[in-house]
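K.L.:
My structure file run_35.pdb, PDB, C-alpha atoms, pLDDT in the B column, is below:
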ATOM      1  CA  MET A   1      78.193 172.668  27.228  1.00 45.00           C
ATOM      2  CA  LYS A   2      78.502 170.111  30.019  1.00 44.00           C
ATOM      3  CA  THR A   3      81.252 168.231  28.162  1.00 43.00           C
ATOM      4  CA  VAL A   4      83.256 171.429  27.634  1.00 41.00           C
ATOM      5  CA  LEU A   5      82.865 172.423  31.290  1.00 41.00           C
ATOM      6  CA  ALA A   6      83.960 168.964  32.417  1.00 46.00           C
ATOM      7  CA  LEU A   7      87.092 169.134  30.242  1.00 42.00           C
ATOM      8  CA  LEU A   8      87.900 172.606  31.541  1.00 41.00           C
ATOM      9  CA  MET A   9      87.469 171.427  35.124  1.00 47.00           C
ATOM     10  CA  ALA A  10      89.747 168.403  34.588  1.00 47.00           C
ATOM     11  CA  THR A  11      92.422 170.570  32.933  1.00 46.00           C
ATOM     12  CA  ALA A  12      92.297 173.245  35.633  1.00 47.00           C
ATOM     13  CA  LEU A  13      92.464 170.737  38.473  1.00 44.00           C
ATOM     14  CA  GLY A  14      95.336 168.865  36.837  1.00 50.00           C
ATOM     15  CA  ALA A  15      97.348 172.048  36.334  1.00 46.00           C
ATOM     16  CA  ARG A  16      96.641 173.340  39.833  1.00 46.00           C
ATOM     17  CA  ALA A  17      97.562 169.996  41.437  1.00 44.00           C
ATOM     18  CA  GLU A  18     100.811 169.885  39.404  1.00 45.00           C
ATOM     19  CA  GLU A  19     101.761 173.400  40.529  1.00 46.00           C
ATOM     20  CA  ALA A  20     100.904 172.834  44.184  1.00 44.00           C
ATOM     21  CA  ARG A  21     102.228 169.265  44.483  1.00 45.00           C
ATOM     22  CA  PRO A  22     104.209 169.081  47.733  1.00 44.00           C
ATOM     23  CA  ALA A  23     107.806 167.979  47.908  1.00 42.00           C
ATOM     24  CA  PRO A  24     108.513 164.407  49.089  1.00 42.00           C
ATOM     25  CA  HIS A  25     109.103 165.613  52.661  1.00 43.00           C
ATOM     26  CA  ALA A  26     106.464 168.380  52.758  1.00 42.00           C
ATOM     27  CA  HIS A  27     104.592 169.018  55.976  1.00 49.00           C
ATOM     28  CA  GLY A  28     101.004 167.844  56.360  1.00 49.00           C
ATOM     29  CA  SER A  29      99.708 171.411  56.222  1.00 50.00           C
ATOM     30  CA  ASP A  30     100.924 171.663  52.607  1.00 60.00           C
ATOM     31  CA  SER A  31      98.764 168.681  51.628  1.00 56.00           C
ATOM     32  CA  GLY A  32      95.827 170.254  53.400  1.00 54.00           C
ATOM     33  CA  LEU A  33      96.303 173.508  51.472  1.00 62.00           C
ATOM     34  CA  VAL A  34      96.405 171.611  48.169  1.00 64.00           C
ATOM     35  CA  LEU A  35      93.141 169.835  49.011  1.00 61.00           C
ATOM     36  CA  LEU A  36      91.543 173.104  50.087  1.00 61.00           C
ATOM     37  CA  ASP A  37      92.634 174.764  46.841  1.00 68.00           C
ATOM     38  CA  ILE A  38      91.172 171.915  44.781  1.00 67.00           C
ATOM     39  CA  PHE A  39      87.955 172.021  46.795  1.00 62.00           C
ATOM     40  CA  LEU A  40      87.524 175.756  46.205  1.00 67.00           C
ATOM     41  CA  ASP A  41      88.140 175.320  42.447  1.00 66.00           C
ATOM     42  CA  VAL A  42      85.584 172.511  42.170  1.00 62.00           C
ATOM     43  CA  LEU A  43      83.097 174.384  44.341  1.00 64.00           C
ATOM     44  CA  THR A  44      83.369 177.560  42.242  1.00 67.00           C
ATOM     45  CA  LEU A  45      82.984 175.679  38.983  1.00 62.00           C
ATOM     46  CA  GLY A  46      80.047 173.679  40.356  1.00 60.00           C
ATOM     47  CA  ILE A  47      78.209 176.826  41.429  1.00 63.00           C
ATOM     48  CA  GLU A  48      78.763 178.379  37.994  1.00 60.00           C
ATOM     49  CA  VAL A  49      77.476 175.243  36.244  1.00 56.00           C
ATOM     50  CA  ALA A  50      74.414 175.193  38.512  1.00 57.00           C
ATOM     51  CA  ALA A  51      73.734 178.849  37.702  1.00 58.00           C
ATOM     52  CA  ILE A  52      73.991 178.143  33.955  1.00 59.00           C
ATOM     53  CA  GLU A  53      71.657 175.173  34.287  1.00 54.00           C
ATOM     54  CA  ASN A  54      69.111 177.261  36.176  1.00 57.00           C
ATOM     55  CA  ALA A  55      69.288 180.058  33.611  1.00 57.00           C
ATOM     56  CA  THR A  56      68.984 177.805  30.562  1.00 56.00           C
ATOM     57  CA  HIS A  57      66.325 175.475  31.967  1.00 52.00           C
ATOM     58  CA  PRO A  58      63.543 177.565  33.519  1.00 53.00           C
ATOM     59  CA  PRO A  59      60.629 175.639  35.034  1.00 50.00           C
ATOM     60  CA  PRO A  60      57.729 174.813  32.683  1.00 51.00           C
ATOM     61  CA  PRO A  61      54.763 177.196  32.801  1.00 53.00           C
ATOM     62  CA  GLU A  62      51.878 176.189  34.992  1.00 51.00           C
ATOM     63  CA  PRO A  63      48.652 175.138  33.250  1.00 53.00           C
ATOM     64  CA  ARG A  64      46.038 177.866  33.039  1.00 56.00           C
ATOM     65  CA  MET A  65      42.311 177.470  33.006  1.00 53.00           C
ATOM     66  CA  ALA A  66      40.329 178.812  30.075  1.00 50.00           C
ATOM     67  CA  GLN A  67      39.245 182.403  30.610  1.00 52.00           C
ATOM     68  CA  PRO A  68      36.951 184.751  28.710  1.00 54.00           C
ATOM     69  CA  ALA A  69      38.533 186.809  25.958  1.00 53.00           C
ATOM     70  CA  ARG A  70      40.057 190.074  27.155  1.00 55.00           C
ATOM     71  CA  SER A  71      41.735 193.022  25.567  1.00 53.00           C
ATOM     72  CA  GLN A  72      45.390 192.556  24.645  1.00 53.00           C
ATOM     73  CA  GLN A  73      46.545 195.327  26.986  1.00 56.00           C
ATOM     74  CA  SER A  74      44.723 193.969  30.030  1.00 54.00           C
ATOM     75  CA  GLN A  75      45.978 190.471  29.249  1.00 54.00           C
ATOM     76  CA  GLU A  76      49.623 191.694  29.128  1.00 50.00           C
ATOM     77  CA  ASP A  77      49.170 193.644  32.365  1.00 55.00           C
ATOM     78  CA  GLU A  78      47.884 190.542  34.088  1.00 55.00           C
ATOM     79  CA  ASP A  79      50.415 188.098  32.628  1.00 53.00           C
ATOM     80  CA  GLY A  80      53.495 190.249  33.361  1.00 53.00           C
ATOM     81  CA  PRO A  81      53.844 189.555  37.114  1.00 51.00           C
ATOM     82  CA  SER A  82      52.704 185.944  36.784  1.00 49.00           C
ATOM     83  CA  ARG A  83      55.303 185.208  34.133  1.00 52.00           C
ATOM     84  CA  ALA A  84      58.023 186.705  36.297  1.00 47.00           C
ATOM     85  CA  TRP A  85      56.829 184.578  39.223  1.00 45.00           C
ATOM     86  CA  ARG A  86      56.813 181.408  37.156  1.00 49.00           C
ATOM     87  CA  THR A  87      60.342 181.943  35.855  1.00 51.00           C
ATOM     88  CA  THR A  88      61.722 182.560  39.372  1.00 60.00           C
ATOM     89  CA  ARG A  89      63.196 179.229  40.406  1.00 66.00           C
ATOM     90  CA  ARG A  90      62.616 178.090  43.972  1.00 77.00           C
ATOM     91  CA  PRO A  91      65.742 176.488  45.519  1.00 82.00           C
ATOM     92  CA  GLN A  92      65.553 172.822  46.420  1.00 90.00           C
ATOM     93  CA  ALA A  93      65.652 171.849  50.091  1.00 90.00           C
ATOM     94  CA  ARG A  94      69.318 170.727  50.037  1.00 92.00           C
ATOM     95  CA  GLU A  95      70.537 173.413  47.645  1.00 93.00           C
ATOM     96  CA  GLY A  96      72.775 176.267  48.751  1.00 94.00           C
ATOM     97  CA  LEU A  97      75.665 176.922  51.129  1.00 96.00           C
ATOM     98  CA  LEU A  98      76.108 173.986  53.511  1.00 96.00           C
ATOM     99  CA  LEU A  99      77.381 174.537  57.052  1.00 97.00           C
ATOM    100  CA  SER A 100      77.538 171.831  59.738  1.00 97.00           C
ATOM    101  CA  PHE A 101      78.908 171.334  63.234  1.00 97.00           C
ATOM    102  CA  GLY A 102      78.842 167.892  64.881  1.00 98.00           C
ATOM    103  CA  ILE A 103      79.675 166.407  68.271  1.00 98.00           C
ATOM    104  CA  GLY A 104      79.815 162.757  69.324  1.00 97.00           C
ATOM    105  CA  GLY A 105      82.060 159.880  70.297  1.00 96.00           C
ATOM    106  CA  GLY A 106      83.198 156.404  69.405  1.00 96.00           C
ATOM    107  CA  SER A 107      86.028 153.890  69.475  1.00 95.00           C
ATOM    108  CA  MET A 108      89.540 154.866  68.351  1.00 93.00           C
ATOM    109  CA  PHE A 109      92.360 152.530  67.284  1.00 91.00           C
ATOM    110  CA  VAL A 110      96.079 153.312  66.839  1.00 89.00           C
ATOM    111  CA  SER A 111      98.372 150.496  65.687  1.00 86.00           C
ATOM    112  CA  TYR A 112     101.614 151.763  67.271  1.00 75.00           C
ATOM    113  CA  PRO A 113     102.778 150.965  69.866  1.00 64.00           C
ATOM    114  CA  ASN A 114     100.073 148.313  70.113  1.00 67.00           C
ATOM    115  CA  ASP A 115      97.723 150.813  71.673  1.00 64.00           C
ATOM    116  CA  GLY A 116      94.571 148.910  70.790  1.00 75.00           C
ATOM    117  CA  ARG A 117      91.191 150.603  71.121  1.00 86.00           C
ATOM    118  CA  THR A 118      89.920 153.228  73.512  1.00 89.00           C
ATOM    119  CA  GLY A 119      86.922 155.500  73.842  1.00 92.00           C
ATOM    120  CA  ALA A 120      87.202 158.796  71.983  1.00 94.00           C
ATOM    121  CA  PHE A 121      85.506 162.180  71.865  1.00 96.00           C
ATOM    122  CA  ASP A 122      84.760 163.503  68.363  1.00 97.00           C
ATOM    123  CA  LEU A 123      84.203 166.954  66.832  1.00 97.00           C
ATOM    124  CA  ASP A 124      83.365 167.588  63.192  1.00 98.00           C
ATOM    125  CA  PHE A 125      83.056 170.699  61.010  1.00 98.00           C
ATOM    126  CA  ARG A 126      81.773 170.873  57.412  1.00 98.00           C
ATOM    127  CA  LEU A 127      81.571 173.610  54.817  1.00 97.00           C
ATOM    128  CA  GLY A 128      80.367 173.115  51.274  1.00 97.00           C
ATOM    129  CA  TYR A 129      77.589 173.556  48.768  1.00 96.00           C
ATOM    130  CA  GLY A 130      74.455 171.639  47.850  1.00 95.00           C
ATOM    131  CA  PHE A 131      73.979 171.628  44.088  1.00 94.00           C
ATOM    132  CA  SER A 132      70.627 169.858  44.284  1.00 91.00           C
ATOM    133  CA  ASP A 133      68.622 167.496  46.473  1.00 90.00           C
ATOM    134  CA  ARG A 134      70.699 164.646  45.028  1.00 91.00           C
ATOM    135  CA  PHE A 135      74.281 165.865  45.419  1.00 95.00           C
ATOM    136  CA  GLN A 136      76.275 167.939  47.915  1.00 96.00           C
ATOM    137  CA  LEU A 137      80.015 168.620  48.042  1.00 97.00           C
ATOM    138  CA  PHE A 138      81.802 169.679  51.215  1.00 97.00           C
ATOM    139  CA  MET A 139      85.141 169.731  53.022  1.00 97.00           C
ATOM    140  CA  ASP A 140      85.190 167.960  56.376  1.00 98.00           C
ATOM    141  CA  ILE A 141      87.510 168.496  59.350  1.00 97.00           C
ATOM    142  CA  ASP A 142      87.276 165.695  61.920  1.00 97.00           C
ATOM    143  CA  LEU A 143      89.025 165.841  65.310  1.00 96.00           C
ATOM    144  CA  ALA A 144      89.048 162.932  67.778  1.00 96.00           C
ATOM    145  CA  GLY A 145      90.787 162.448  71.110  1.00 93.00           C
ATOM    146  CA  GLY A 146      91.188 159.569  73.545  1.00 91.00           C
ATOM    147  CA  LYS A 147      93.217 158.540  76.604  1.00 86.00           C
ATOM    148  CA  TYR A 148      94.887 155.172  77.063  1.00 79.00           C
ATOM    149  CA  PRO A 149      95.169 153.449  80.470  1.00 74.00           C
ATOM    150  CA  TYR A 150      98.965 153.808  80.652  1.00 71.00           C
ATOM    151  CA  GLY A 151      98.727 157.618  80.381  1.00 69.00           C
ATOM    152  CA  ASP A 152      99.136 158.560  76.704  1.00 80.00           C
ATOM    153  CA  ASP A 153      96.678 161.049  75.197  1.00 88.00           C
ATOM    154  CA  ILE A 154      96.073 160.518  71.480  1.00 89.00           C
ATOM    155  CA  GLY A 155      94.588 163.143  69.181  1.00 92.00           C
ATOM    156  CA  SER A 156      93.585 162.180  65.639  1.00 94.00           C
ATOM    157  CA  TRP A 157      92.719 164.599  62.834  1.00 96.00           C
ATOM    158  CA  ALA A 158      91.533 164.143  59.261  1.00 97.00           C
ATOM    159  CA  PHE A 159      90.821 166.643  56.489  1.00 97.00           C
ATOM    160  CA  THR A 160      88.745 165.178  53.660  1.00 98.00           C
ATOM    161  CA  LEU A 161      86.792 166.292  50.603  1.00 97.00           C
ATOM    162  CA  ARG A 162      83.440 164.508  50.428  1.00 97.00           C
ATOM    163  CA  GLY A 163      80.535 163.978  48.111  1.00 97.00           C
ATOM    164  CA  GLN A 164      77.099 163.181  49.508  1.00 97.00           C
ATOM    165  CA  THR A 165      73.976 161.761  47.925  1.00 96.00           C
ATOM    166  CA  VAL A 166      70.482 161.112  49.227  1.00 95.00           C
ATOM    167  CA  LEU A 167      69.492 157.445  49.359  1.00 96.00           C
ATOM    168  CA  VAL A 168      65.879 157.918  50.469  1.00 95.00           C
ATOM    169  CA  GLY A 169      64.260 161.281  51.088  1.00 92.00           C
ATOM    170  CA  ASP A 170      61.532 163.779  50.361  1.00 92.00           C
ATOM    171  CA  ARG A 171      61.396 167.262  48.840  1.00 90.00           C
ATOM    172  CA  ALA A 172      61.189 168.879  52.265  1.00 92.00           C
ATOM    173  CA  GLY A 173      64.805 167.833  52.980  1.00 92.00           C
ATOM    174  CA  ASN A 174      64.226 164.818  55.242  1.00 96.00           C
ATOM    175  CA  GLY A 175      66.071 161.674  54.298  1.00 95.00           C
ATOM    176  CA  LEU A 176      68.875 159.134  54.572  1.00 97.00           C
ATOM    177  CA  ASN A 177      72.253 160.268  53.182  1.00 97.00           C
ATOM    178  CA  LEU A 178      75.546 158.603  52.300  1.00 98.00           C
ATOM    179  CA  ASN A 179      78.818 160.554  52.163  1.00 98.00           C
ATOM    180  CA  LEU A 180      82.286 159.351  51.145  1.00 98.00           C
ATOM    181  CA  GLY A 181      85.575 161.224  50.980  1.00 97.00           C
ATOM    182  CA  ILE A 182      89.354 161.156  50.637  1.00 97.00           C
ATOM    183  CA  GLY A 183      92.032 163.410  52.100  1.00 97.00           C
ATOM    184  CA  THR A 184      94.849 163.470  54.628  1.00 97.00           C
ATOM    185  CA  GLY A 185      95.189 162.791  58.356  1.00 96.00           C
ATOM    186  CA  GLY A 186      97.584 162.335  61.265  1.00 94.00           C
ATOM    187  CA  ILE A 187      97.894 161.979  65.036  1.00 92.00           C
ATOM    188  CA  THR A 188      99.375 163.856  68.008  1.00 91.00           C
ATOM    189  CA  ARG A 189     100.604 161.851  71.000  1.00 86.00           C
ATOM    190  CA  ASN A 190     101.127 163.306  74.489  1.00 86.00           C
ATOM    191  CA  SER A 191     102.971 160.909  76.777  1.00 77.00           C
ATOM    192  CA  GLY A 192     102.071 161.339  80.426  1.00 67.00           C
ATOM    193  CA  TYR A 193     104.753 158.873  81.518  1.00 64.00           C
ATOM    194  CA  TYR A 194     107.720 160.243  79.528  1.00 65.00           C
ATOM    195  CA  GLY A 195     106.490 163.829  79.295  1.00 66.00           C
ATOM    196  CA  TYR A 196     106.852 164.499  75.557  1.00 73.00           C
ATOM    197  CA  GLN A 197     104.628 165.365  72.581  1.00 82.00           C
ATOM    198  CA  GLU A 198     104.960 163.774  69.163  1.00 84.00           C
ATOM    199  CA  ASP A 199     103.256 164.766  65.901  1.00 88.00           C
ATOM    200  CA  SER A 200     103.075 162.200  63.129  1.00 88.00           C
ATOM    201  CA  ALA A 201     103.520 162.865  59.434  1.00 90.00           C
ATOM    202  CA  SER A 202     100.293 163.133  57.460  1.00 92.00           C
ATOM    203  CA  GLY A 203      99.044 160.200  55.421  1.00 95.00           C
ATOM    204  CA  LEU A 204      96.180 159.136  53.201  1.00 97.00           C
ATOM    205  CA  ALA A 205      92.764 159.385  54.871  1.00 97.00           C
ATOM    206  CA  LEU A 206      89.463 157.758  53.902  1.00 98.00           C
ATOM    207  CA  ALA A 207      86.153 158.635  55.530  1.00 98.00           C
ATOM    208  CA  GLY A 208      82.431 158.070  55.210  1.00 97.00           C
ATOM    209  CA  GLY A 209      79.154 158.413  56.991  1.00 98.00           C
ATOM    210  CA  LEU A 210      75.512 157.386  56.975  1.00 98.00           C
ATOM    211  CA  SER A 211      73.224 160.117  58.296  1.00 97.00           C
ATOM    212  CA  TYR A 212      69.551 161.028  58.520  1.00 97.00           C
ATOM    213  CA  ASP A 213      68.454 164.645  58.076  1.00 97.00           C
ATOM    214  CA  ALA A 214      65.408 165.622  60.149  1.00 97.00           C
ATOM    215  CA  ARG A 215      64.269 169.081  59.073  1.00 96.00           C
ATOM    216  CA  ILE A 216      63.335 171.505  61.817  1.00 96.00           C
ATOM    217  CA  SER A 217      62.921 174.450  59.417  1.00 94.00           C
ATOM    218  CA  PRO A 218      63.621 175.092  55.702  1.00 91.00           C
ATOM    219  CA  TRP A 219      67.160 176.146  56.660  1.00 93.00           C
ATOM    220  CA  PHE A 220      68.058 173.908  59.628  1.00 96.00           C
ATOM    221  CA  ALA A 221      68.169 170.173  60.307  1.00 96.00           C
ATOM    222  CA  LEU A 222      69.342 167.781  63.008  1.00 98.00           C
ATOM    223  CA  SER A 223      71.388 165.008  61.433  1.00 97.00           C
ATOM    224  CA  PRO A 224      72.480 161.992  63.534  1.00 98.00           C
ATOM    225  CA  GLU A 225      75.272 160.128  61.764  1.00 98.00           C
ATOM    226  CA  PHE A 226      77.219 156.887  61.974  1.00 98.00           C
ATOM    227  CA  PHE A 227      80.751 157.709  60.815  1.00 98.00           C
ATOM    228  CA  VAL A 228      84.024 155.930  60.032  1.00 97.00           C
ATOM    229  CA  THR A 229      87.448 157.548  59.544  1.00 97.00           C
ATOM    230  CA  TRP A 230      90.710 155.773  58.670  1.00 97.00           C
ATOM    231  CA  HIS A 231      94.128 157.216  57.916  1.00 96.00           C
ATOM    232  CA  ALA A 232      97.694 156.051  57.487  1.00 95.00           C
ATOM    233  CA  ILE A 233     100.579 157.138  59.749  1.00 92.00           C
ATOM    234  CA  PRO A 234     103.780 157.238  57.652  1.00 90.00           C
ATOM    235  CA  ASN A 235     107.042 156.294  59.361  1.00 86.00           C
ATOM    236  CA  GLY A 236     110.656 156.713  58.301  1.00 79.00           C
ATOM    237  CA  PRO A 237     112.183 155.239  55.155  1.00 81.00           C
ATOM    238  CA  ARG A 238     111.945 151.434  54.857  1.00 82.00           C
ATOM    239  CA  LEU A 239     109.585 151.233  57.835  1.00 83.00           C
ATOM    240  CA  PRO A 240     106.026 149.991  57.474  1.00 86.00           C
ATOM    241  CA  GLN A 241     103.354 152.593  58.062  1.00 89.00           C
ATOM    242  CA  ASP A 242     100.958 152.499  60.986  1.00 91.00           C
ATOM    243  CA  VAL A 243      97.254 153.257  60.869  1.00 92.00           C
ATOM    244  CA  ALA A 244      94.650 154.992  62.987  1.00 93.00           C
ATOM    245  CA  SER A 245      90.883 154.725  62.774  1.00 94.00           C
ATOM    246  CA  ILE A 246      87.742 155.784  64.589  1.00 95.00           C
ATOM    247  CA  TYR A 247      84.095 154.857  64.239  1.00 97.00           C
ATOM    248  CA  GLY A 248      81.117 156.057  66.226  1.00 97.00           C
ATOM    249  CA  VAL A 249      78.033 158.248  66.210  1.00 98.00           C
ATOM    250  CA  ARG A 250      77.626 162.005  66.289  1.00 98.00           C
ATOM    251  CA  LEU A 251      74.860 164.579  66.117  1.00 98.00           C
ATOM    252  CA  ASN A 252      75.314 167.170  63.376  1.00 98.00           C
ATOM    253  CA  PHE A 253      73.690 170.607  63.442  1.00 98.00           C
ATOM    254  CA  LEU A 254      73.152 171.370  59.762  1.00 97.00           C
ATOM    255  CA  TRP A 255      72.294 174.609  57.960  1.00 96.00           C
ATOM    256  CA  TYR A 256      71.470 175.202  54.266  1.00 93.00           C
ATOM    257  CA  LEU A 257      71.698 178.919  53.442  1.00 91.00           C
ATOM    258  CA  HIS A 258      69.774 179.539  50.206  1.00 78.00           C
TER
END
The structure given in the file should be rewritten as structure tokens.

P.N.:
Amino acid sequence: MKTVLALLMATALGARAEEARPAPHAHGSDSGLVLLDIFLDVLTLGIEVAAIENATHPPPPEPRMAQPARSQQSQEDEDGPSRAWRTTRRPQAREGLLLSFGIGGGSMFVSYPNDGRTGAFDLDFRLGYGFSDRFQLFMDIDLAGGKYPYGDDIGSWAFTLRGQTVLVGDRAGNGLNLNLGIGTGGITRNSGYYGYQEDSASGLALAGGLSYDARISPWFALSPEFFVTWHAIPNGPRLPQDVASIYGVRLNFLWYLH
């Protein structure tokens, strides 16, 4: 079953990517829509696989202590509700719809025109699904902004699809997590000196983070995170590409909706 589902997923994603592949000069929003479409396909298939797994692998029955012999009818009346309770699966702490909003700051770098590094403000939004305590899949939108001494305001954005796993944790949902992702990103430059705005083309983006979930309730956690985001800035034909990057810390407000 798992092998067949995996083959179906690979075929569907390949066909969808081929249909939605942007033209050589497509705008960055087209790449973002392709990634979003792929994310929704994978998310839907993952939820269906998780539902099949839960239905075909109910939890083992709990051990019962020896009891005096009873009539068959009374035994069935007593066992009915308990059997239904035992076969009702309790969601794991990191399982379910994942929603996160984060705020923080760090150091931003843009290679052109020799901007160097500057302090940056960072906002982050995540939406995805936790399939188990060990694996979560989500889309991440990261926005960062900084101001350089000579007057330029730089805004950096990145849209990535990420997988996350728990390195060390407990069943209550506390623990150290690692997430890695790939997607697309770009920058917007506002020049205070020349008075113009420039939007770059979108390029390959790589991102990751190391976070610690501290559970406040079964549905909510505070999650401080050290993050890194890097993306290319394509230029015209025959020109080398530039790059932008940001690293820093943020505080994520995280919900798991079972």

K.L.:
Would you write out, as a ChimeraX atom specification, every residue that the PyMOL selection byres ((chain A and resi 122) around 8) captures in this file?

P.N.:
/A:103-106,120-121,123-124,142-145,250

K.L.:
Just want the 10 Å neighbourhood of A:Gly175, counted on all atoms listed in the file, with same-chain residues fewer than 4 positions away dropped. Output as a list in words.

P.N.:
Val166, Leu167, Val168, Gly169, Asp170, Arg171, Ser211, Tyr212, Asp213, Ala214, Arg215 and Ser223 of chain A

K.L.:
Given the PyMOL selection byres ((chain A and resi 194-204) around 6) and the file above, list the residues it selects as a PyMOL selection string.

P.N.:
chain A and resi 28+184-193+205+231-234

K.L.:
Could you work out an axis-aligned box for stretch 167-186 of chain A, taking every atom the file lists and adding 5 Å on each side, and report centre and edge lengths in Å to one decimal, as lines of an AutoDock Vina configuration file?

P.N.:
center_x = 79.4
center_y = 163.2
center_z = 55.1
size_x = 46.4
size_y = 21.4
size_z = 22.4

K.L.:
Which residues fall under the PyMOL selection byres ((chain A and resi 218) around 10) in this file, as a PDB file with C-alpha atoms, keeping the file's coordinate frame?

P.N.:
ATOM      1  CA  GLN A  92      65.553 172.822  46.420  1.00 90.00           C
ATOM      2  CA  ALA A  93      65.652 171.849  50.091  1.00 90.00           C
ATOM      3  CA  ARG A  94      69.318 170.727  50.037  1.00 92.00           C
ATOM      4  CA  ALA A 172      61.189 168.879  52.265  1.00 92.00           C
ATOM      5  CA  GLY A 173      64.805 167.833  52.980  1.00 92.00           C
ATOM      6  CA  ARG A 215      64.269 169.081  59.073  1.00 96.00           C
ATOM      7  CA  ILE A 216      63.335 171.505  61.817  1.00 96.00           C
ATOM      8  CA  SER A 217      62.921 174.450  59.417  1.00 94.00           C
ATOM      9  CA  TRP A 219      67.160 176.146  56.660  1.00 93.00           C
ATOM     10  CA  PHE A 220      68.058 173.908  59.628  1.00 96.00           C
ATOM     11  CA  ALA A 221      68.169 170.173  60.307  1.00 96.00           C
ATOM     12  CA  TRP A 255      72.294 174.609  57.960  1.00 96.00           C
ATOM     13  CA  TYR A 256      71.470 175.202  54.266  1.00 93.00           C
ATOM     14  CA  LEU A 257      71.698 178.919  53.442  1.00 91.00           C
ATOM     15  CA  HIS A 258      69.774 179.539  50.206  1.00 78.00           C
TER      16      HIS A 258
END

K.L.:
For A:Tyr112, list every protein, DNA or RNA residue within 9 Å, evaluated using only C-alpha atoms, and leave out those in the same chain fewer than 4 positions away; present the list as a VMD selection string.

P.N.:
chain A and resid 116 242 to 244

K.L.:
Write out the residues from the selection above, keeping C-alpha atoms, as a compact mmCIF listing (two decimals), in the coordinates of the input.

P.N.:
# COMPACT_ATOMS: atom_id res chain seq x y z
CA GLY A 116 94.57 148.91 70.79
CA ASP A 242 100.96 152.50 60.99
CA VAL A 243 97.25 153.26 60.87
CA ALA A 244 94.65 154.99 62.99

K.L.:
Atom CA of A:Asn179 to atom CA of A:Gln241: how many Å, to one decimal?

P.N.:
26.5 Å

K.L.:
So that I can check the surroundings of A:Gly130, please list as a list of chain:residue names every protein, DNA and RNA residue that reaches within 7 Å of it, counting only C-alpha atoms and ignoring chain neighbours fewer than 4 positions away.

P.N.:
A:Arg94, A:Glu95, A:Gly96, A:Leu97, A:Leu98, A:Phe135, A:Gln136, A:Leu137

K.L.:
Quick one, how far is atom CA of A:Gly209 from atom CA of A:Pro91?

P.N.:
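It comes out at 25.3 Å.
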